[in-house]
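Novice: Below is a structure I'd like to ask you about.
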Amino acid sequence: MQKIALLYDASQAVLSTFNLDEVLVQILWIVRDYFHINNAAVLLLNPNAQEFFVRTAIGRPQDESDVRIPIGKGLIGTAAREKKPVYAPDVSKDPRFLPIFPDTKSEIAIPLMVRDEVVGVLDIQSEELDAFDSETLDLLTLFSTQASIALENARLYTLEQRRTRQLETINAIARQTTAVLNLDELLGKVCDLVLATFPVDHVVVLLLDDDERLALRAHKGKLTAIVPQGGALPVGTGMGMRCLELGKTVLENDLALVPHYIGSFIETRSEICVPLIFFGEKLGVLMLESANAHNFSPEDVPPLESVADIIAGAIRNAHYFEKAQQLAYIDGLTGIYNRRYFELQIASEIERASRYDGRLAIIMIDIDNFKRLNDEFGHLLGDEVLRQVSEVFGQQLRKADVVCRYGGEEFAILVPQTSGGNALEVAEKLRRMVETYLFPGVPRKVTISAGVAEYPTHGRTRDELVAAADAALYVSKESGRNRVSAASAAVARKTMA
C-alpha cells in the first residue's frame, strides 16, 4: 500500500501542471526524491531527425545539450525501438551501451509512450553495478506511464497555445497590413510580427526584381546576413527560387544535406520558404531561418501560408500605391519626373548632405530659343524635342541622379554626392550631346544652356541653391547661350554689374 500511495502521489505531482518544462522538472524530482536516484535525464524525440536529445537532467557531471541519440542506438535508442524498458546491470558487458559518462556502471532506459508511440525516454544511470532491483524497475515503469500522459498533456497544451498565438498573429498581420501602404514600413512590420510568434531566429522577405532575381527587401532577427539589404540572389538559385518556381512551401530541416544550398545568413541550419503569390502573380518569398537543425515542424506550414497570403495581398496594394504616387510625380509629356517630385527630392538630398557632411549639386537647364522653335515648326515638333532632350538626359546620367522637367522648356537635375566641378563636367557633357544630336524634322541645331550650383558652397537651403543655379543659367544665356556656367561666375557677374 505504501508503494501504491507513493506512486499515486508521484502521478498527481506530474499531472499538476501543463507547462512542459515544469512537467519535466517534476518527473526528475520524483525520480530523485521518491526513488533516491541521483543521475537521471529525460530525452525527447525529435520526430523529424528521428533522434533523441536531452531536455532536462539532474546529477550529470557535464553538459549534455549536444548529445543526440538515434533510434536504435545505445540503451536509450534500443528502448525506444523495442518500446520496452532496457536494463544493463553492468554496462561494460553490454555492447549497446554508449559511454557518454565514463563513471556509469549500470543504466536503465524506459520509453515514454503515448498511444503506442514513443515521445521520449527516461534514462537513469548509476555509478554502482546492478544498482536497481526488479521492484524499483517495475515502479519506475509504472510511473513512466503517468509521466508520458503528463508529457502528452503538456505537448497538446503547448500546441494549442502556439496555435492561438499564430492565429492572433495572422489577425494582427491582417489588421495592421491593410492600413500600411508604404512597402518598406509594411515589410518591417511583417518581420516583427512573424519573429515574435514563430520558433525562428530570423525572418526574411525576398521580392522579385526587374531582372527576375530575388532581392532582399526586409529582414529582422539575430543571424548574420551574407546578402546585403537590397542585394539579390543569383538567377535561378537557392531554396527561395525553388519554392517560387514550384509555387509551394519548401521546408528543409538540415541544410547540410541540401546539395548546392545558397544561404543568405551564416548561421542558418534549417529554413522554411513560403511563396508570396497574389492571384497567380509571383511576388517573392517569405523565409524563416533557424540556427538549429530540425527546428521546424510541418504544423508550422499552414499558419505560415495564411500569413503569406495576407502579405502577398498587402504587397500588391503597396505596389499599386507606389505606382499611383509615381504617376503623380511623372511629367505626362516627357515621362521624366515633374517639379513636384523635384521639390520632394531636393529637400531630402539637402537633409542627407547636411547630416553626413556630403556634397550635392544642382543643374538648371533651359532649351535655347525654344519659343522660336515652337513658332517656326509648331508645338507638336516642339513637344517631340522636349521628349528627346529628356531621353538624352536620362541616357547620360547616373541612376542616382534625378532629372525633372521644371517647367516649360526648363529642366532641373539633382546630382547627389557630387562636387560643383564634377557637376560642371556632367552639364558640359549634356550640352555637347544635345548640340550634336540630330532631331528629326528640325533643320537646325538645338542647344541648351545650363547653370550649376553646389551645396553648401552656394547655399544651404532649397531657395538659395535654386537661386544660385538660376543665376548661373542666366549668365550662360546672357553670354551667348549654348554654354555652362557655375554659380560662382554668376555671383561675379552680378558684382560687376
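Ordering of the C-alpha cells sets the chain letters (A, B, ...); residue numbers start at 1 within each chain; ligands are numbered from 1 in the order shown.
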With a cut-off of 9 Å, could you pull out the residues of segment 199-300 of chain A touching segment 46-60 of chain A and give me the nearest pair of atoms for each, distance in Å to one decimal, using only C-alpha atoms, ordered by chain and ascending number, as CSV?
Specialist:
residue,atom,partner,partner_atom,distance
A:Asn253,CA,A:Asn48,CA,7.7
A:Asp254,CA,A:Ala49,CA,8.8
A:Ala293,CA,A:Ala49,CA,8.7
A:His294,CA,A:Asn48,CA,6.2
A:Asn295,CA,A:Asn48,CA,8.8
A:Phe296,CA,A:Asn48,CA,8.5
A:Ser297,CA,A:Asn48,CA,7.6
Novice: Per DSSP on the backbone, what are the strand (DSSP E) residues of segment 44-268 of chain A, as JSON, numbers by chain?
Specialist: {"A": [44, 45, 46, 51, 52, 53, 54, 55, 56, 57, 58, 68, 69, 70, 86, 87, 88, 106, 107, 108, 109, 110, 111, 112, 113, 114, 117, 118, 119, 120, 121, 122, 123, 124, 125, 126, 202, 203, 204, 205, 206, 207, 208, 214, 215, 216, 217, 218, 219, 220, 221, 250, 251, 252]}
Novice: Excluding same-chain residues fewer than 2 positions from segment 163-179 of chain A, what lies within 12 Å of it counting only C-alpha atoms, as number ranges by chain?
Specialist: A: 156-161, 181-199, 299-318, 321
Novice: Run DSSP on the backbone and give me the residues of segment 261-493 of chain A it puts in helix (DSSP H, G or I), as number ranges by chain.
Specialist: A: 298-328, 339-355, 370-377, 379-396, 420-436, 462-478, 487-493
Novice: How many Å separate atom CA of Leu344 of chain A from atom CA of Gln229 of chain A?
Specialist: 24.2 Å
Novice: For the atom pair atom CA of Tyr320 of chain A and atom CA of Gly335 of chain A, what is the interatomic distance in Å to one decimal place?
Specialist: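 Distance between the two atoms: 18.4 Å.
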Novice: Rounded to one decimal in Å, what is the spacing between atom CA of Glu428 of chain A and atom CA of Leu380 of chain A?
Specialist: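 Computing it gives 27.7 Å between the two atoms.
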Novice: Within 9 Å of Thr224 of chain A, counting only C-alpha atoms, which residues show up once you throw out same-chain ones fewer than 6 positions away? Write them as a list in words, please.
Specialist: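 The neighbour list is Ser264, Phe265, Ile266, Glu267 and Thr268 of chain A.
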Novice: Rank nothing, just name the residue among A:Val203, A:Ile330, A:Leu246, A:Leu20 nearest to Leu151 of chain A, using only C-alpha atoms.
Specialist: A:Leu20
Novice: For segment 446-470 of chain A against segment 409-427 of chain A, with a cut-off of 7 Å and counting only C-alpha atoms, what is the closest atom pair and its distance in Å to one decimal for every residue that makes the cut, ordered by chain and number, as JSON lines?
Specialist:
{"residue": "A:Ala450", "atom": "CA", "partner": "A:Ala427", "partner_atom": "CA", "distance": 6.7}
{"residue": "A:Val452", "atom": "CA", "partner": "A:Leu424", "partner_atom": "CA", "distance": 6.4}
{"residue": "A:Ala453", "atom": "CA", "partner": "A:Gly420", "partner_atom": "CA", "distance": 6.3}
{"residue": "A:Glu454", "atom": "CA", "partner": "A:Gly420", "partner_atom": "CA", "distance": 5.0}
Novice: Which is closest to Gly459 of chain A among A:Ile76, A:Ala487, A:Val86, A:Ala472, if we use only C-alpha atoms?
Specialist: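 Of all the options, A:Ala487 lies closest to Gly459 of chain A.
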Novice: So, counting only C-alpha atoms, which residue among A:Val402, A:Val91, A:Met364, A:Met433 is closest to Leu465 of chain A?
Specialist: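 Smallest separation from Leu465 of chain A among the options: A:Met364.
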Novice: For Ser390 of chain A, which of A:Val434, A:Leu43, A:Leu137, A:Ala150 is the closest residue, counting only C-alpha atoms?
Specialist: A:Val434
Novice: Restricting the calculation to only C-alpha atoms: of A:Arg340, A:Lys222, A:Lys105, A:Arg32, which residue gets closest to Ser290 of chain A?
Specialist: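 Result for the nearest residue to Ser290 of chain A: A:Lys222.
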Novice: Please list as an mmCIF file with C-alpha atoms, in the first residue's frame every residue within 10 Å of Ser354 of chain A, counting only C-alpha atoms and excluding residues in the same chain fewer than 6 positions away.
Specialist:
data_model
loop_
_atom_site.group_PDB
_atom_site.id
_atom_site.type_symbol
_atom_site.label_atom_id
_atom_site.label_comp_id
_atom_site.auth_asym_id
_atom_site.auth_seq_id
_atom_site.Cartn_x
_atom_site.Cartn_y
_atom_site.Cartn_z
ATOM 1 C CA SER A 348 15.605 65.005 -48.949
ATOM 2 C CA LEU A 360 25.116 67.941 -53.645
ATOM 3 C CA TYR A 455 25.789 72.556 -51.633
ATOM 4 C CA PRO A 456 26.980 74.008 -49.285
ATOM 5 C CA ARG A 460 22.342 75.598 -47.636
#
